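Coordinates as given in query-v8.cif (mmCIF, N, CA and C atoms):
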data_input
loop_
_atom_site.group_PDB
_atom_site.id
_atom_site.type_symbol
_atom_site.label_atom_id
_atom_site.label_comp_id
_atom_site.auth_asym_id
_atom_site.auth_seq_id
_atom_site.Cartn_x
_atom_site.Cartn_y
_atom_site.Cartn_z
ATOM 1 N N MET K 1 -2.201 -7.812 13.348
ATOM 2 C CA MET K 1 -2.548 -8.957 14.160
ATOM 3 C C MET K 1 -4.054 -9.074 14.311
ATOM 4 N N ALA K 2 -4.780 -8.490 13.419
ATOM 5 C CA ALA K 2 -6.235 -8.553 13.483
ATOM 6 C C ALA K 2 -6.691 -10.003 13.473
ATOM 7 N N GLY K 3 -7.515 -10.348 14.427
ATOM 8 C CA GLY K 3 -8.057 -11.697 14.496
ATOM 9 C C GLY K 3 -7.221 -12.678 15.283
ATOM 10 N N ALA K 4 -6.065 -12.280 15.799
ATOM 11 C CA ALA K 4 -5.213 -13.208 16.534
ATOM 12 C C ALA K 4 -5.570 -13.267 18.017
ATOM 13 N N LEU K 5 -6.220 -12.223 18.553
ATOM 14 C CA LEU K 5 -6.533 -12.176 19.984
ATOM 15 C C LEU K 5 -8.014 -12.380 20.230
ATOM 16 N N TYR K 6 -8.306 -13.175 21.248
ATOM 17 C CA TYR K 6 -9.681 -13.402 21.681
ATOM 18 C C TYR K 6 -9.745 -13.150 23.179
ATOM 19 N N ARG K 7 -10.668 -12.293 23.618
ATOM 20 C CA ARG K 7 -10.830 -12.006 25.043
ATOM 21 C C ARG K 7 -12.115 -12.664 25.534
ATOM 22 N N ILE K 8 -11.983 -13.502 26.556
ATOM 23 C CA ILE K 8 -13.133 -14.207 27.118
ATOM 24 C C ILE K 8 -13.066 -14.125 28.638
ATOM 25 N N ASP K 9 -14.002 -13.416 29.242
ATOM 26 C CA ASP K 9 -14.101 -13.305 30.702
ATOM 27 C C ASP K 9 -12.761 -12.981 31.367
ATOM 28 N N GLY K 10 -12.050 -11.986 30.862
ATOM 29 C CA GLY K 10 -10.790 -11.561 31.466
ATOM 30 C C GLY K 10 -9.587 -12.397 31.059
ATOM 31 N N THR K 11 -9.787 -13.390 30.237
ATOM 32 C CA THR K 11 -8.692 -14.227 29.740
ATOM 33 C C THR K 11 -8.439 -13.877 28.280
ATOM 34 N N VAL K 12 -7.179 -13.829 27.902
ATOM 35 C CA VAL K 12 -6.832 -13.532 26.511
ATOM 36 C C VAL K 12 -6.235 -14.785 25.883
ATOM 37 N N LEU K 13 -6.834 -15.193 24.776
ATOM 38 C CA LEU K 13 -6.324 -16.324 24.004
ATOM 39 C C LEU K 13 -5.710 -15.785 22.722
ATOM 40 N N ILE K 14 -4.653 -16.433 22.266
ATOM 41 C CA ILE K 14 -3.956 -15.996 21.060
ATOM 42 C C ILE K 14 -3.983 -17.124 20.043
ATOM 43 N N ASN K 15 -4.420 -16.809 18.821
ATOM 44 C CA ASN K 15 -4.362 -17.763 17.723
ATOM 45 C C ASN K 15 -2.914 -17.810 17.254
ATOM 46 N N ARG K 16 -2.229 -18.893 17.582
ATOM 47 C CA ARG K 16 -0.794 -19.001 17.308
ATOM 48 C C ARG K 16 -0.466 -18.976 15.824
ATOM 49 N N ASP K 17 -1.320 -19.518 14.980
ATOM 50 C CA ASP K 17 -1.055 -19.516 13.536
ATOM 51 C C ASP K 17 -0.986 -18.083 13.006
ATOM 52 N N ILE K 18 -1.968 -17.261 13.405
ATOM 53 C CA ILE K 18 -1.991 -15.871 12.951
ATOM 54 C C ILE K 18 -0.825 -15.097 13.556
ATOM 55 N N PHE K 19 -0.563 -15.309 14.839
ATOM 56 C CA PHE K 19 0.515 -14.598 15.522
ATOM 57 C C PHE K 19 1.879 -14.977 14.944
ATOM 58 N N ASP K 20 2.096 -16.257 14.686
ATOM 59 C CA ASP K 20 3.365 -16.699 14.096
ATOM 60 C C ASP K 20 3.580 -16.103 12.706
ATOM 61 N N ALA K 21 2.505 -16.013 11.915
ATOM 62 C CA ALA K 21 2.610 -15.404 10.579
ATOM 63 C C ALA K 21 3.001 -13.934 10.710
ATOM 64 N N PHE K 22 2.409 -13.240 11.694
ATOM 65 C CA PHE K 22 2.750 -11.845 11.951
ATOM 66 C C PHE K 22 4.233 -11.713 12.317
ATOM 67 N N LEU K 23 4.702 -12.568 13.202
ATOM 68 C CA LEU K 23 6.112 -12.507 13.622
ATOM 69 C C LEU K 23 7.051 -12.775 12.458
ATOM 70 N N GLU K 24 6.708 -13.705 11.594
ATOM 71 C CA GLU K 24 7.554 -13.992 10.426
ATOM 72 C C GLU K 24 7.675 -12.769 9.531
ATOM 73 N N ASN K 25 6.568 -12.067 9.287
ATOM 74 C CA ASN K 25 6.616 -10.863 8.461
ATOM 75 C C ASN K 25 7.437 -9.775 9.131
ATOM 76 N N PHE K 26 7.283 -9.613 10.443
ATOM 77 C CA PHE K 26 8.030 -8.604 11.178
ATOM 78 C C PHE K 26 9.513 -8.939 11.182
ATOM 79 N N HIS K 27 9.830 -10.199 11.346
ATOM 80 C CA HIS K 27 11.229 -10.636 11.402
ATOM 81 C C HIS K 27 11.963 -10.317 10.103
ATOM 82 N N GLU K 28 11.321 -10.489 8.989
ATOM 83 C CA GLU K 28 11.950 -10.203 7.696
ATOM 84 C C GLU K 28 12.362 -8.741 7.588
ATOM 85 N N SER K 29 11.539 -7.830 8.109
ATOM 86 C CA SER K 29 11.838 -6.411 7.961
ATOM 87 C C SER K 29 12.950 -5.935 8.896
ATOM 88 N N THR K 30 13.283 -6.716 9.918
ATOM 89 C CA THR K 30 14.312 -6.301 10.867
ATOM 90 C C THR K 30 15.544 -7.196 10.794
ATOM 91 N N LYS K 31 15.694 -7.927 9.720
ATOM 92 C CA LYS K 31 16.809 -8.855 9.575
ATOM 93 C C LYS K 31 18.143 -8.129 9.727
ATOM 94 N N GLY K 32 19.032 -8.678 10.543
ATOM 95 C CA GLY K 32 20.348 -8.107 10.730
ATOM 96 C C GLY K 32 20.455 -7.158 11.912
ATOM 97 N N ILE K 33 19.354 -6.890 12.576
ATOM 98 C CA ILE K 33 19.408 -6.017 13.743
ATOM 99 C C ILE K 33 19.415 -6.897 14.982
ATOM 100 N N GLY K 34 20.415 -6.727 15.808
ATOM 101 C CA GLY K 34 20.551 -7.541 17.002
ATOM 102 C C GLY K 34 19.631 -7.114 18.124
ATOM 103 N N LYS K 35 19.790 -7.773 19.255
ATOM 104 C CA LYS K 35 18.935 -7.531 20.415
ATOM 105 C C LYS K 35 18.957 -6.072 20.849
ATOM 106 N N ARG K 36 20.090 -5.414 20.757
ATOM 107 C CA ARG K 36 20.215 -4.035 21.205
ATOM 108 C C ARG K 36 20.120 -3.038 20.056
ATOM 109 N N GLY K 37 19.774 -3.499 18.873
ATOM 110 C CA GLY K 37 19.680 -2.605 17.726
ATOM 111 C C GLY K 37 21.012 -2.454 17.024
ATOM 112 N N LEU K 38 21.062 -1.543 16.090
ATOM 113 C CA LEU K 38 22.291 -1.303 15.338
ATOM 114 C C LEU K 38 23.217 -0.373 16.116
ATOM 115 N N SER K 39 24.509 -0.606 15.954
ATOM 116 C CA SER K 39 25.475 0.316 16.546
ATOM 117 C C SER K 39 25.477 1.607 15.734
ATOM 118 N N LYS K 40 26.073 2.646 16.275
ATOM 119 C CA LYS K 40 26.113 3.935 15.576
ATOM 120 C C LYS K 40 26.817 3.791 14.227
ATOM 121 N N ALA K 41 27.903 3.024 14.190
ATOM 122 C CA ALA K 41 28.645 2.817 12.947
ATOM 123 C C ALA K 41 27.785 2.089 11.909
ATOM 124 N N GLU K 42 27.023 1.075 12.365
ATOM 125 C CA GLU K 42 26.169 0.343 11.440
ATOM 126 C C GLU K 42 25.052 1.229 10.911
ATOM 127 N N ARG K 43 24.463 2.078 11.775
ATOM 128 C CA ARG K 43 23.402 2.989 11.328
ATOM 129 C C ARG K 43 23.934 3.956 10.285
ATOM 130 N N THR K 44 25.127 4.516 10.525
ATOM 131 C CA THR K 44 25.738 5.440 9.586
ATOM 132 C C THR K 44 25.983 4.761 8.245
ATOM 133 N N LYS K 45 26.476 3.521 8.299
ATOM 134 C CA LYS K 45 26.753 2.766 7.076
ATOM 135 C C LYS K 45 25.467 2.534 6.279
ATOM 136 N N ARG K 46 24.391 2.122 6.962
ATOM 137 C CA ARG K 46 23.121 1.862 6.281
ATOM 138 C C ARG K 46 22.549 3.143 5.687
ATOM 139 N N GLU K 47 22.655 4.256 6.417
ATOM 140 C CA GLU K 47 22.142 5.527 5.909
ATOM 141 C C GLU K 47 22.905 5.959 4.661
ATOM 142 N N ALA K 48 24.217 5.710 4.632
ATOM 143 C CA ALA K 48 25.030 6.069 3.476
ATOM 144 C C ALA K 48 24.660 5.209 2.266
ATOM 145 N N GLU K 49 24.289 3.962 2.499
ATOM 146 C CA GLU K 49 23.924 3.059 1.407
ATOM 147 C C GLU K 49 22.586 3.458 0.784
ATOM 148 N N GLU K 50 21.695 4.062 1.573
ATOM 149 C CA GLU K 50 20.366 4.435 1.064
ATOM 150 C C GLU K 50 20.441 5.709 0.353
#

What would the structure in this file look like if it were written as structure tokens?
Amino acid sequence: MAGALYRIDGTVLINRDIFDAFLENFHESTKGIGKRGLSKAERTKREAEE
């Protein structure tokens, strides 16, 4: 996220274009994982596939 945050007199501004690009890249790597993460059965299945 280098370059996405700007601090000015105690206020933090965020460059939304850079931040959104960061989130898109992060989202791709976690595809299929829900809000609470993978269940134990899903983790075991993924580990067996690798």

Next item on the list: Name all residues at most 9 Å from Gly3 in chain K (count only C-alpha atoms; drop same-chain ones fewer than 6 positions away) and give them as a list in words.
Entry: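 Using only C-alpha atoms, the neighbours found are Ile14, Asn15 and Ile18 of chain K.
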
Item checked: Distance in Å - atom C of Leu5 in chain K versus CA of Phe19 in chain K ->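 Computing it gives 10.0 Å between the two atoms.
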
Next item on the list: Kindly give the distance, in Å, that separates atom N of Arg16 in chain K and atom C of Ala4 in chain K, rounded to a single decimal.
Entry: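 One can read the atom N of Arg16 in chain K to atom C of Ala4 in chain K distance as 6.6 Å.
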
Next item on the list: Enter the distance from CA of Tyr6 in chain K to CA of Phe22 in chain K, in Å, rounded to one decimal.
Entry: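 Going from CA of Tyr6 in chain K over to CA of Phe22 in chain K, I get 15.9 Å.
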
Can you tell me, as AutoDock Vina command-line options, the centre and edge lengths (Å, one decimal) of the axis-aligned box enclosing all of range 10-20 of chain K's listed atoms after padding each side by 8 Å?
--center_x -4.2 --center_y -15.5 --center_z 22.1 --size_x 31.6 --size_y 24.0 --size_z 34.8
